[in-house]
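Raw coords-v1.txt, compact mmCIF, C-alpha atoms:
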```txt
# COMPACT_ATOMS: atom_id res chain seq x y z
CA MET A 1146 0.95 3.70 28.56
CA ARG A 1147 -1.40 5.20 26.01
CA LYS A 1148 -1.23 3.82 22.51
CA ILE A 1149 -0.20 5.86 19.50
CA VAL A 1150 -2.23 4.85 16.45
CA PHE A 1151 -3.00 5.76 12.88
CA TYR A 1152 -6.51 5.49 11.43
CA GLY A 1153 -7.21 6.60 7.88
CA ALA A 1154 -7.75 5.87 4.22
CA VAL A 1155 -5.07 5.26 1.63
CA SER A 1156 -5.01 4.48 -2.06
CA LEU A 1157 -3.70 1.10 -3.26
CA ASP A 1158 -0.41 2.79 -4.00
CA GLY A 1159 -0.17 4.24 -0.50
CA TYR A 1160 -1.18 7.87 -0.93
CA LEU A 1161 -3.18 9.91 1.58
CA THR A 1162 -4.00 12.63 -0.91
CA ASP A 1163 -3.40 13.10 -4.60
CA GLU A 1164 -0.91 15.45 -6.23
CA LYS A 1165 -3.24 18.43 -5.60
CA ASP A 1166 -3.91 17.48 -1.95
CA GLY A 1167 -7.28 16.19 -3.15
CA LEU A 1168 -9.52 13.53 -1.59
CA GLN A 1169 -12.12 13.23 -4.33
CA TRP A 1170 -10.87 9.68 -5.08
CA LEU A 1171 -11.94 8.77 -1.53
CA PHE A 1172 -15.31 10.53 -1.69
CA ASP A 1173 -15.95 8.63 -4.93
CA THR A 1174 -15.40 5.31 -3.16
CA ASP A 1175 -18.62 3.53 -2.20
CA VAL A 1176 -18.47 2.39 1.43
CA ALA A 1177 -21.98 0.85 1.43
CA GLY A 1178 -22.98 3.02 4.37
CA LYS A 1179 -20.49 1.31 6.64
CA SER A 1180 -17.81 2.81 8.87
CA THR A 1181 -15.63 1.78 11.77
CA TYR A 1182 -15.00 5.40 12.69
CA GLU A 1183 -17.49 5.77 15.56
CA ALA A 1184 -16.20 2.70 17.34
CA PHE A 1185 -12.66 3.91 16.81
CA GLU A 1186 -13.04 7.51 17.94
CA GLU A 1187 -14.74 6.46 21.19
CA ASN A 1188 -11.34 5.18 22.30
CA VAL A 1189 -9.44 8.30 21.28
CA ASP A 1190 -9.12 11.48 23.32
CA THR A 1191 -6.10 13.13 21.70
CA LEU A 1192 -5.46 13.98 18.06
CA VAL A 1193 -2.07 14.85 16.61
CA MET A 1194 -1.48 16.62 13.33
CA GLY A 1195 0.78 19.00 11.46
CA ARG A 1196 -0.02 22.54 10.45
CA THR A 1197 -1.24 21.61 6.96
CA THR A 1198 -3.79 19.10 8.27
CA TYR A 1199 -4.83 21.54 11.01
CA GLU A 1200 -5.43 24.38 8.59
CA ALA A 1201 -7.32 22.13 6.18
CA SER A 1202 -9.50 20.87 9.03
CA LYS A 1203 -10.19 24.40 10.27
CA LYS A 1204 -11.21 25.42 6.78
CA MET A 1205 -13.65 22.52 6.55
CA VAL A 1206 -15.44 23.69 9.71
CA ASP A 1207 -15.25 27.32 8.63
CA GLY A 1208 -12.85 28.28 11.44
CA GLY A 1209 -15.05 26.69 14.11
CA SER A 1210 -14.41 23.78 16.43
CA PHE A 1211 -13.46 20.41 14.98
CA TYR A 1212 -13.35 17.07 16.73
CA PRO A 1213 -15.01 18.74 19.75
CA GLY A 1214 -14.31 17.22 23.13
CA LYS A 1215 -10.89 15.95 22.09
CA GLU A 1216 -7.49 17.43 22.73
CA LYS A 1217 -5.72 18.55 19.57
CA LEU A 1218 -1.95 18.65 19.47
CA ILE A 1219 -0.62 20.57 16.49
CA PHE A 1220 2.99 20.50 15.40
CA SER A 1221 3.85 23.92 13.99
CA HIS A 1222 6.75 26.33 14.03
CA THR A 1223 4.55 29.34 13.30
CA LEU A 1224 1.09 28.91 14.85
CA GLN A 1225 0.65 29.77 18.52
CA ASN A 1226 -2.93 30.56 19.51
CA GLY A 1227 -5.86 28.24 19.00
CA ASP A 1228 -9.06 27.16 20.69
CA ILE A 1229 -9.10 25.88 24.22
CA GLU A 1230 -8.67 22.25 23.14
CA GLU A 1231 -5.78 23.10 20.80
CA THR A 1232 -2.14 22.96 21.86
CA PHE A 1233 0.65 24.05 19.55
CA VAL A 1234 4.01 22.43 19.91
CA SER A 1235 7.27 22.30 18.00
CA GLY A 1236 10.35 20.18 18.46
CA ASP A 1237 11.29 16.54 18.28
CA VAL A 1238 8.14 14.53 17.57
CA PRO A 1239 9.09 11.29 19.38
CA THR A 1240 10.25 13.16 22.51
CA ILE A 1241 7.10 15.25 22.72
CA MET A 1242 4.89 12.26 22.06
CA SER A 1243 6.66 10.22 24.74
CA GLU A 1244 5.62 12.83 27.28
CA TYR A 1245 2.03 12.74 26.07
CA GLN A 1246 1.95 8.98 26.22
CA LYS A 1247 2.74 9.06 29.93
CA LYS A 1248 -0.31 11.19 30.77
CA PRO A 1249 -3.41 9.22 31.65
CA GLY A 1250 -5.95 8.97 28.87
CA GLN A 1251 -7.14 7.06 25.84
CA MET A 1252 -5.48 6.42 22.50
CA ILE A 1253 -3.53 9.12 20.65
CA TRP A 1254 -4.53 9.36 16.99
CA ILE A 1255 -1.99 10.57 14.45
CA VAL A 1256 -4.38 12.27 12.04
CA GLY A 1257 -1.74 13.82 9.82
CA GLY A 1258 0.52 11.91 7.55
CA GLY A 1259 4.13 11.13 6.96
CA GLY A 1260 5.75 14.17 8.52
CA ILE A 1261 4.67 13.08 11.99
CA LEU A 1262 4.20 9.37 11.44
CA GLN A 1263 7.65 8.75 9.96
CA PRO A 1264 9.69 9.90 13.01
CA LEU A 1265 7.31 7.99 15.31
CA LEU A 1266 7.79 4.85 13.22
CA GLU A 1267 11.56 5.28 13.39
CA ALA A 1268 11.31 5.69 17.18
CA GLU A 1269 9.21 2.50 17.37
CA GLN A 1270 6.35 4.39 18.99
CA VAL A 1271 3.47 3.31 16.74
CA ASP A 1272 1.21 0.64 18.26
CA GLU A 1273 -1.75 0.11 15.96
CA LEU A 1274 -2.96 0.92 12.47
CA TRP A 1275 -6.42 0.98 10.92
CA LEU A 1276 -5.90 1.33 7.17
CA GLN A 1277 -8.87 1.67 4.88
CA ILE A 1278 -7.60 0.74 1.43
CA ALA A 1279 -9.46 2.25 -1.52
CA PRO A 1280 -9.42 0.40 -4.88
CA VAL A 1281 -7.70 3.27 -6.61
CA LEU A 1282 -4.24 4.00 -7.99
CA LEU A 1283 -3.31 7.68 -7.89
CA GLY A 1284 0.19 7.50 -9.38
CA SER A 1285 1.45 10.34 -7.19
CA GLY A 1286 0.57 12.38 -4.11
CA LYS A 1287 1.36 12.54 -0.41
CA ARG A 1288 2.49 9.19 0.94
CA LEU A 1289 1.29 7.75 4.22
CA PHE A 1290 4.51 5.81 4.80
CA GLU A 1291 7.56 7.87 3.96
CA LYS A 1292 10.82 6.09 3.45
CA GLY A 1293 12.70 5.62 6.69
CA ASN A 1294 14.78 3.46 8.92
CA TYR A 1295 12.09 1.28 10.45
CA ARG A 1296 10.67 -2.21 10.22
CA TYR A 1297 7.49 -3.47 11.88
CA ARG A 1298 5.58 -6.69 11.98
CA PHE A 1299 1.94 -6.56 13.02
CA ASP A 1300 -0.75 -9.01 13.99
CA LEU A 1301 -3.66 -8.80 11.59
CA VAL A 1302 -6.43 -8.20 14.13
CA GLU A 1303 -9.32 -7.85 11.71
CA VAL A 1304 -10.17 -7.38 8.05
CA THR A 1305 -13.38 -5.43 7.45
CA GLN A 1306 -14.91 -4.86 4.05
CA MET A 1307 -17.02 -1.73 3.75
CA GLY A 1308 -18.31 -1.59 0.21
CA GLU A 1309 -15.23 -0.92 -1.92
CA LEU A 1310 -13.01 -0.12 1.08
CA THR A 1311 -11.03 -2.83 2.82
CA GLU A 1312 -9.90 -2.04 6.34
CA LEU A 1313 -6.92 -3.78 7.86
CA HIS A 1314 -6.64 -3.42 11.62
CA LEU A 1315 -3.08 -4.15 12.67
CA ARG A 1316 -1.48 -4.35 16.09
CA ARG A 1317 2.24 -4.35 16.56
CA LYS A 1318 3.67 -7.67 17.63
CA ASN A 1319 5.19 -8.03 21.10
CA LYS A 1320 3.98 -4.73 22.44
CA MET B 480 -7.93 -9.37 -26.04
CA ARG B 481 -5.81 -11.09 -23.41
CA LYS B 482 -5.65 -9.46 -20.02
CA ILE B 483 -2.48 -8.06 -18.53
CA VAL B 484 -2.42 -8.64 -14.80
CA PHE B 485 -0.24 -8.42 -11.71
CA TYR B 486 -0.28 -11.07 -8.99
CA GLY B 487 2.06 -10.82 -6.03
CA ALA B 488 2.80 -9.93 -2.44
CA VAL B 489 3.58 -6.49 -1.09
CA SER B 490 4.35 -5.03 2.30
CA LEU B 491 1.89 -2.60 3.90
CA ASP B 492 4.10 0.22 2.66
CA GLY B 493 4.04 -1.08 -0.90
CA TYR B 494 7.40 -2.79 -1.31
CA LEU B 495 8.05 -5.96 -3.33
CA THR B 496 11.43 -6.56 -1.76
CA ASP B 497 13.38 -4.93 1.01
CA GLU B 498 16.45 -2.74 0.68
CA LYS B 499 18.65 -5.81 0.08
CA ASP B 500 16.25 -7.38 -2.47
CA GLY B 501 15.19 -9.73 0.30
CA LEU B 502 11.90 -11.59 0.74
CA GLN B 503 12.42 -13.00 4.23
CA TRP B 504 9.65 -10.70 5.51
CA LEU B 505 7.27 -12.60 3.21
CA PHE B 506 8.56 -16.06 4.10
CA ASP B 507 8.05 -15.09 7.77
CA THR B 508 4.38 -14.33 7.13
CA ASP B 509 2.03 -17.13 8.16
CA VAL B 510 -0.44 -17.90 5.37
CA ALA B 511 -2.24 -20.68 7.27
CA GLY B 512 -1.54 -23.11 4.43
CA LYS B 513 -3.74 -21.16 2.05
CA SER B 514 -2.96 -19.84 -1.40
CA THR B 515 -4.82 -18.53 -4.42
CA TYR B 516 -1.82 -19.18 -6.66
CA GLU B 517 -2.89 -22.47 -8.23
CA ALA B 518 -6.27 -21.11 -9.28
CA PHE B 519 -4.55 -18.02 -10.64
CA GLU B 520 -1.78 -19.66 -12.63
CA GLU B 521 -4.21 -22.00 -14.38
CA ASN B 522 -5.44 -18.95 -16.27
CA VAL B 523 -1.98 -17.67 -17.18
CA ASP B 524 0.13 -18.85 -20.10
CA THR B 525 2.62 -15.99 -20.44
CA LEU B 526 4.91 -14.42 -17.87
CA VAL B 527 6.66 -11.10 -18.27
CA MET B 528 9.66 -9.95 -16.26
CA GLY B 529 12.81 -7.89 -16.35
CA ARG B 530 16.35 -9.16 -16.32
CA THR B 531 16.75 -8.90 -12.54
CA THR B 532 13.66 -11.02 -11.83
CA TYR B 533 14.68 -13.49 -14.54
CA GLU B 534 18.18 -13.96 -13.17
CA ALA B 535 16.88 -14.30 -9.61
CA SER B 536 14.34 -16.91 -10.77
CA LYS B 537 17.00 -18.85 -12.71
CA LYS B 538 19.20 -18.86 -9.64
CA MET B 539 16.39 -20.29 -7.53
CA VAL B 540 15.97 -23.24 -9.91
CA ASP B 541 19.73 -23.64 -10.26
CA GLY B 542 19.74 -22.62 -13.92
CA GLY B 543 16.99 -25.08 -14.82
CA SER B 544 13.51 -24.50 -16.10
CA PHE B 545 11.11 -22.31 -14.13
CA TYR B 546 7.38 -21.96 -14.59
CA PRO B 547 7.53 -24.88 -17.05
CA GLY B 548 4.87 -24.96 -19.75
CA LYS B 549 4.48 -21.20 -19.81
CA GLU B 550 5.97 -18.67 -22.19
CA LYS B 551 8.44 -16.33 -20.56
CA LEU B 552 8.98 -12.88 -22.01
CA ILE B 553 12.08 -11.20 -20.62
CA PHE B 554 12.85 -7.53 -21.10
CA SER B 555 16.61 -7.16 -21.35
CA HIS B 556 19.11 -5.13 -23.31
CA THR B 557 21.88 -7.64 -22.80
CA LEU B 558 20.51 -11.21 -22.60
CA GLN B 559 19.78 -13.03 -25.85
CA ASN B 560 19.69 -16.79 -25.53
CA GLY B 561 17.50 -18.72 -23.17
CA ASP B 562 15.47 -21.89 -22.98
CA ILE B 563 12.89 -22.77 -25.57
CA GLU B 564 10.08 -21.11 -23.65
CA GLU B 565 12.09 -17.93 -23.07
CA THR B 566 11.94 -14.94 -25.38
CA PHE B 567 14.17 -11.91 -24.89
CA VAL B 568 12.93 -8.55 -26.00
CA SER B 569 13.92 -4.92 -25.61
CA GLY B 570 12.14 -1.74 -26.54
CA ASP B 571 9.02 0.11 -25.57
CA VAL B 572 7.12 -2.03 -23.04
CA PRO B 573 3.55 -0.92 -23.92
CA THR B 574 4.13 -1.37 -27.67
CA ILE B 575 5.60 -4.85 -27.30
CA MET B 576 2.89 -5.88 -24.87
CA SER B 577 0.16 -4.63 -27.21
CA GLU B 578 1.41 -7.06 -29.82
CA TYR B 579 1.42 -9.91 -27.31
CA GLN B 580 -2.09 -9.07 -26.17
CA LYS B 581 -3.41 -9.59 -29.67
CA LYS B 582 -2.13 -13.17 -29.87
CA PRO B 583 -4.62 -15.79 -28.76
CA GLY B 584 -4.03 -17.14 -25.27
CA GLN B 585 -4.67 -16.75 -21.60
CA MET B 586 -3.75 -14.00 -19.18
CA ILE B 587 -0.34 -12.29 -19.25
CA TRP B 588 1.23 -12.07 -15.81
CA ILE B 589 3.61 -9.24 -15.04
CA VAL B 590 5.88 -11.04 -12.58
CA GLY B 591 8.47 -8.33 -12.22
CA GLY B 592 7.87 -5.02 -10.54
CA GLY B 593 7.82 -1.34 -11.21
CA GLY B 594 10.13 -1.17 -14.22
CA ILE B 595 7.65 -3.01 -16.40
CA LEU B 596 4.44 -2.29 -14.54
CA GLN B 597 4.84 1.47 -14.45
CA PRO B 598 4.90 2.05 -18.24
CA LEU B 599 1.98 -0.38 -18.65
CA LEU B 600 0.01 1.53 -16.03
CA GLU B 601 0.74 4.79 -17.81
CA ALA B 602 -0.41 3.23 -21.08
CA GLU B 603 -3.64 2.07 -19.37
CA GLN B 604 -2.87 -1.54 -20.22
CA VAL B 605 -3.28 -3.16 -16.81
CA ASP B 606 -6.57 -5.03 -16.32
CA GLU B 607 -6.47 -6.84 -13.01
CA LEU B 608 -4.47 -7.01 -9.80
CA TRP B 609 -4.18 -9.66 -7.11
CA LEU B 610 -2.31 -8.06 -4.22
CA GLN B 611 -1.40 -10.10 -1.18
CA ILE B 612 -0.73 -7.57 1.56
CA ALA B 613 1.61 -8.68 4.34
CA PRO B 614 1.27 -7.07 7.80
CA VAL B 615 4.77 -5.68 7.66
CA LEU B 616 6.36 -2.27 7.23
CA LEU B 617 9.78 -2.39 5.57
CA GLY B 618 10.59 1.32 5.51
CA SER B 619 12.43 1.02 2.20
CA GLY B 620 12.98 -1.29 -0.76
CA LYS B 621 11.73 -1.82 -4.30
CA ARG B 622 8.27 -0.37 -4.80
CA LEU B 623 5.51 -2.17 -6.67
CA PHE B 624 3.86 1.06 -7.82
CA GLU B 625 6.42 3.56 -8.97
CA LYS B 626 5.39 7.17 -9.25
CA GLY B 627 3.86 7.94 -12.63
CA ASN B 628 1.24 9.66 -14.67
CA TYR B 629 -1.66 7.26 -14.18
CA ARG B 630 -4.90 6.94 -12.29
CA TYR B 631 -7.06 3.82 -12.03
CA ARG B 632 -10.26 2.88 -10.30
CA PHE B 633 -10.96 -0.81 -9.78
CA ASP B 634 -13.87 -2.96 -8.74
CA LEU B 635 -13.05 -4.87 -5.60
CA VAL B 636 -13.82 -8.38 -6.85
CA GLU B 637 -12.86 -10.31 -3.75
CA VAL B 638 -11.06 -10.02 -0.43
CA THR B 639 -9.39 -13.24 0.73
CA GLN B 640 -7.70 -13.66 4.06
CA MET B 641 -4.95 -16.28 4.14
CA GLY B 642 -3.58 -16.32 7.64
CA GLU B 643 -1.77 -13.02 8.03
CA LEU B 644 -1.97 -12.17 4.31
CA THR B 645 -4.92 -10.25 2.93
CA GLU B 646 -5.47 -10.58 -0.82
CA LEU B 647 -7.34 -7.91 -2.73
CA HIS B 648 -8.48 -8.98 -6.18
CA LEU B 649 -9.18 -5.90 -8.28
CA ARG B 650 -10.54 -5.51 -11.77
CA ARG B 651 -10.33 -2.27 -13.65
CA LYS B 652 -13.62 -0.45 -14.07
CA ASN B 653 -15.15 -0.12 -17.54
CA LYS B 654 -12.83 -2.58 -19.22
```
Would you mind giving the structure from this file in structure tokens?
Amino acid sequence: MRKIVFYGAVSLDGYLTDEKDGLQWLFDTDVAGKSTYEAFEENVDTLVMGRTTYEASKKMVDGGSFYPGKEKLIFSHTLQNGDIEETFVSGDVPTIMSEYQKKPGQMIWIVGGGGILQPLLEAEQVDELWLQIAPVLLGSGKRLFEKGNYRYRFDLVEVTQMGELTELHLRRKNK
Amino acid sequence: MRKIVFYGAVSLDGYLTDEKDGLQWLFDTDVAGKSTYEAFEENVDTLVMGRTTYEASKKMVDGGSFYPGKEKLIFSHTLQNGDIEETFVSGDVPTIMSEYQKKPGQMIWIVGGGGILQPLLEAEQVDELWLQIAPVLLGSGKRLFEKGNYRYRFDLVEVTQMGELTELHLRRKNK
């Protein structure tokens, strides 16, 4: 079965974005020219996100195509028509994702944050994490890990330092 | 001026203890016999904590002395009499800690969690962090970094892997 994973940067206090949905704190973090992204995305063919992340991504590419060549699955109650690689869905996240996991393919990357990740964590459907931790405290913002009824223990696969970012690659135990 | 620092373990989702104040998740984490604690505590002569942490620590040593040879500063509205190395205080945390910082001595270690750390963060009085991150998601519990009006950027001094724990040593920029 395909793995469901999260890959992304967080502040020391666990925020994906600051109070104003900003990422300047991340852009200001020196990564010494290093990145694990290319190696990661080679193993991903499907991206999952919510409407907010989708709209922000679309804006960044001026309405054009983003993450070309990969299937995009967007959870939204309102949006319906997108590009050819974009599928809009609404409903129970774990149920929908279970169906997607059964299709042949590579890893499924949860790009968006807590709104999608939290129900998947509660359903024990998350297999791996790549967390790039920035040496910053934001004090408030949008959390990666929302409070919920879940508990996981991971194997620490690898620790990678990229300038001021520290990446922890974690794989769920006994999966 | 003496530095105010935090040293301690957190889950991946930023909790100090789980929903039942438990630490079993930490005891279950293999540290491969390694620890930075001895090197750290040599540079500390004062410990700061709240009543809850104090009472839990006392219980662990069966009412006896804990962290012998170091001054313990306990924030409490109710407790008044302790051992010779124990001082009970109540009032504004940043103000009291400013006074302590001016006394000659080594580093001041904030042992307890958010209740003391949060006002110190807001008052920009925290200098260094040693965070040992365990590869565990708890879903809920007592947070290390409570929401607040603060923002910090640190230098990443050192990353130390101790078995399944990853320690980030961080020093505040421009201090």
Inset, instruction - Could you list the residues in chain B lying within 7 Å of chain A, using all atoms listed in the file, and format the result as a count of residues only? - result: 20
Just fit chain A onto chain B on all the Cα atoms, in order, by least squares, and give it as a tab-separated table (two decimals) with C-alpha atoms, in the frame of the given file.
```tsv
chain	number	residue	atom	x	y	z
A	1146	MET	CA	-7.92	-9.41	-26.05
A	1147	ARG	CA	-5.80	-11.10	-23.42
A	1148	LYS	CA	-5.64	-9.45	-20.04
A	1149	ILE	CA	-2.47	-8.05	-18.54
A	1150	VAL	CA	-2.40	-8.64	-14.79
A	1151	PHE	CA	-0.23	-8.41	-11.72
A	1152	TYR	CA	-0.29	-11.06	-8.99
A	1153	GLY	CA	2.06	-10.82	-6.03
A	1154	ALA	CA	2.80	-9.93	-2.44
A	1155	VAL	CA	3.58	-6.49	-1.09
A	1156	SER	CA	4.35	-5.03	2.30
A	1157	LEU	CA	1.89	-2.59	3.91
A	1158	ASP	CA	4.09	0.22	2.68
A	1159	GLY	CA	4.04	-1.07	-0.89
A	1160	TYR	CA	7.40	-2.78	-1.30
A	1161	LEU	CA	8.04	-5.93	-3.32
A	1162	THR	CA	11.42	-6.56	-1.75
A	1163	ASP	CA	13.38	-4.93	1.02
A	1164	GLU	CA	16.45	-2.72	0.65
A	1165	LYS	CA	18.65	-5.81	0.06
A	1166	ASP	CA	16.26	-7.37	-2.48
A	1167	GLY	CA	15.19	-9.72	0.31
A	1168	LEU	CA	11.90	-11.59	0.74
A	1169	GLN	CA	12.43	-12.98	4.22
A	1170	TRP	CA	9.63	-10.70	5.52
A	1171	LEU	CA	7.27	-12.60	3.21
A	1172	PHE	CA	8.56	-16.07	4.11
A	1173	ASP	CA	8.06	-15.11	7.77
A	1174	THR	CA	4.39	-14.34	7.12
A	1175	ASP	CA	2.03	-17.13	8.16
A	1176	VAL	CA	-0.44	-17.89	5.36
A	1177	ALA	CA	-2.23	-20.70	7.27
A	1178	GLY	CA	-1.54	-23.12	4.44
A	1179	LYS	CA	-3.73	-21.16	2.06
A	1180	SER	CA	-2.96	-19.83	-1.41
A	1181	THR	CA	-4.81	-18.53	-4.43
A	1182	TYR	CA	-1.81	-19.18	-6.65
A	1183	GLU	CA	-2.90	-22.48	-8.24
A	1184	ALA	CA	-6.26	-21.10	-9.27
A	1185	PHE	CA	-4.55	-18.02	-10.63
A	1186	GLU	CA	-1.77	-19.65	-12.62
A	1187	GLU	CA	-4.21	-21.99	-14.39
A	1188	ASN	CA	-5.44	-18.93	-16.27
A	1189	VAL	CA	-1.98	-17.66	-17.18
A	1190	ASP	CA	0.13	-18.84	-20.09
A	1191	THR	CA	2.62	-15.98	-20.45
A	1192	LEU	CA	4.91	-14.43	-17.86
A	1193	VAL	CA	6.66	-11.09	-18.26
A	1194	MET	CA	9.64	-9.93	-16.26
A	1195	GLY	CA	12.81	-7.87	-16.34
A	1196	ARG	CA	16.34	-9.17	-16.31
A	1197	THR	CA	16.75	-8.90	-12.53
A	1198	THR	CA	13.66	-11.01	-11.82
A	1199	TYR	CA	14.68	-13.47	-14.55
A	1200	GLU	CA	18.16	-13.95	-13.16
A	1201	ALA	CA	16.87	-14.31	-9.61
A	1202	SER	CA	14.34	-16.91	-10.77
A	1203	LYS	CA	16.98	-18.84	-12.71
A	1204	LYS	CA	19.19	-18.88	-9.65
A	1205	MET	CA	16.37	-20.29	-7.53
A	1206	VAL	CA	15.98	-23.25	-9.91
A	1207	ASP	CA	19.73	-23.65	-10.24
A	1208	GLY	CA	19.75	-22.63	-13.92
A	1209	GLY	CA	16.99	-25.10	-14.81
A	1210	SER	CA	13.49	-24.53	-16.10
A	1211	PHE	CA	11.11	-22.34	-14.14
A	1212	TYR	CA	7.38	-21.96	-14.59
A	1213	PRO	CA	7.51	-24.88	-17.06
A	1214	GLY	CA	4.86	-24.96	-19.74
A	1215	LYS	CA	4.50	-21.19	-19.80
A	1216	GLU	CA	5.96	-18.68	-22.18
A	1217	LYS	CA	8.44	-16.32	-20.55
A	1218	LEU	CA	8.99	-12.88	-22.00
A	1219	ILE	CA	12.07	-11.18	-20.60
A	1220	PHE	CA	12.85	-7.52	-21.09
A	1221	SER	CA	16.62	-7.15	-21.34
A	1222	HIS	CA	19.11	-5.14	-23.32
A	1223	THR	CA	21.90	-7.66	-22.80
A	1224	LEU	CA	20.51	-11.21	-22.61
A	1225	GLN	CA	19.78	-13.03	-25.86
A	1226	ASN	CA	19.71	-16.81	-25.54
A	1227	GLY	CA	17.47	-18.72	-23.17
A	1228	ASP	CA	15.46	-21.91	-22.99
A	1229	ILE	CA	12.88	-22.78	-25.58
A	1230	GLU	CA	10.06	-21.11	-23.64
A	1231	GLU	CA	12.08	-17.93	-23.07
A	1232	THR	CA	11.94	-14.93	-25.38
A	1233	PHE	CA	14.16	-11.91	-24.87
A	1234	VAL	CA	12.91	-8.56	-25.99
A	1235	SER	CA	13.92	-4.93	-25.61
A	1236	GLY	CA	12.15	-1.74	-26.54
A	1237	ASP	CA	9.01	0.10	-25.57
A	1238	VAL	CA	7.12	-2.03	-23.05
A	1239	PRO	CA	3.55	-0.93	-23.92
A	1240	THR	CA	4.13	-1.37	-27.67
A	1241	ILE	CA	5.60	-4.84	-27.28
A	1242	MET	CA	2.90	-5.88	-24.86
A	1243	SER	CA	0.17	-4.62	-27.19
A	1244	GLU	CA	1.41	-7.06	-29.81
A	1245	TYR	CA	1.42	-9.91	-27.31
A	1246	GLN	CA	-2.07	-9.08	-26.17
A	1247	LYS	CA	-3.39	-9.59	-29.69
A	1248	LYS	CA	-2.13	-13.18	-29.89
A	1249	PRO	CA	-4.62	-15.79	-28.77
A	1250	GLY	CA	-4.02	-17.13	-25.29
A	1251	GLN	CA	-4.68	-16.74	-21.60
A	1252	MET	CA	-3.74	-13.98	-19.19
A	1253	ILE	CA	-0.33	-12.28	-19.26
A	1254	TRP	CA	1.24	-12.06	-15.81
A	1255	ILE	CA	3.63	-9.22	-15.04
A	1256	VAL	CA	5.88	-11.04	-12.58
A	1257	GLY	CA	8.47	-8.31	-12.24
A	1258	GLY	CA	7.89	-5.02	-10.57
A	1259	GLY	CA	7.81	-1.35	-11.25
A	1260	GLY	CA	10.14	-1.16	-14.22
A	1261	ILE	CA	7.64	-3.00	-16.41
A	1262	LEU	CA	4.43	-2.30	-14.54
A	1263	GLN	CA	4.84	1.48	-14.44
A	1264	PRO	CA	4.89	2.05	-18.25
A	1265	LEU	CA	1.97	-0.38	-18.64
A	1266	LEU	CA	0.00	1.53	-16.02
A	1267	GLU	CA	0.74	4.80	-17.81
A	1268	ALA	CA	-0.42	3.23	-21.09
A	1269	GLU	CA	-3.64	2.07	-19.37
A	1270	GLN	CA	-2.88	-1.54	-20.23
A	1271	VAL	CA	-3.28	-3.16	-16.80
A	1272	ASP	CA	-6.57	-5.03	-16.33
A	1273	GLU	CA	-6.46	-6.84	-13.01
A	1274	LEU	CA	-4.47	-7.01	-9.80
A	1275	TRP	CA	-4.18	-9.67	-7.11
A	1276	LEU	CA	-2.30	-8.06	-4.22
A	1277	GLN	CA	-1.41	-10.10	-1.19
A	1278	ILE	CA	-0.74	-7.58	1.57
A	1279	ALA	CA	1.61	-8.69	4.34
A	1280	PRO	CA	1.27	-7.09	7.81
A	1281	VAL	CA	4.76	-5.69	7.67
A	1282	LEU	CA	6.36	-2.27	7.23
A	1283	LEU	CA	9.77	-2.39	5.57
A	1284	GLY	CA	10.59	1.33	5.51
A	1285	SER	CA	12.44	1.04	2.20
A	1286	GLY	CA	12.97	-1.29	-0.75
A	1287	LYS	CA	11.73	-1.82	-4.29
A	1288	ARG	CA	8.27	-0.38	-4.80
A	1289	LEU	CA	5.51	-2.18	-6.66
A	1290	PHE	CA	3.87	1.06	-7.81
A	1291	GLU	CA	6.42	3.58	-8.98
A	1292	LYS	CA	5.37	7.17	-9.26
A	1293	GLY	CA	3.85	7.94	-12.63
A	1294	ASN	CA	1.23	9.66	-14.66
A	1295	TYR	CA	-1.66	7.26	-14.19
A	1296	ARG	CA	-4.91	6.93	-12.28
A	1297	TYR	CA	-7.07	3.81	-12.03
A	1298	ARG	CA	-10.25	2.86	-10.30
A	1299	PHE	CA	-10.95	-0.83	-9.78
A	1300	ASP	CA	-13.87	-2.97	-8.74
A	1301	LEU	CA	-13.04	-4.89	-5.59
A	1302	VAL	CA	-13.81	-8.39	-6.86
A	1303	GLU	CA	-12.85	-10.32	-3.74
A	1304	VAL	CA	-11.06	-10.02	-0.42
A	1305	THR	CA	-9.40	-13.24	0.73
A	1306	GLN	CA	-7.69	-13.67	4.07
A	1307	MET	CA	-4.96	-16.28	4.14
A	1308	GLY	CA	-3.56	-16.34	7.65
A	1309	GLU	CA	-1.76	-13.01	8.02
A	1310	LEU	CA	-1.98	-12.17	4.31
A	1311	THR	CA	-4.92	-10.25	2.91
A	1312	GLU	CA	-5.48	-10.57	-0.81
A	1313	LEU	CA	-7.34	-7.91	-2.73
A	1314	HIS	CA	-8.49	-8.98	-6.18
A	1315	LEU	CA	-9.17	-5.89	-8.27
A	1316	ARG	CA	-10.54	-5.50	-11.77
A	1317	ARG	CA	-10.32	-2.27	-13.65
A	1318	LYS	CA	-13.61	-0.48	-14.06
A	1319	ASN	CA	-15.15	-0.13	-17.52
A	1320	LYS	CA	-12.82	-2.51	-19.26
```
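Note that the spacing between atom CA of A:Glu1230 and atom CA of A:Ile1149 amounts to 18.8 Å.
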Inset, instruction - Please provide the set of residues having any atom within 9 Å of stretch 1181-1187 of chain A, restricted to only C-alpha atoms, with same-chain residues fewer than 6 positions apart removed, written as a VMD selection string. - result: chain A and resid 1152 1251 to 1252 1254 1305 1307 1312
Inset, instruction - To one decimal in Å, tell me the separation between atom CA of B:Ser514 and atom CA of B:Trp609. - result: 11.7 Å
Legend entry - Atomic distance atom CA of B:Ser544 - atom CA of B:Lys513, expressed in Å with one decimal: 25.3 Å
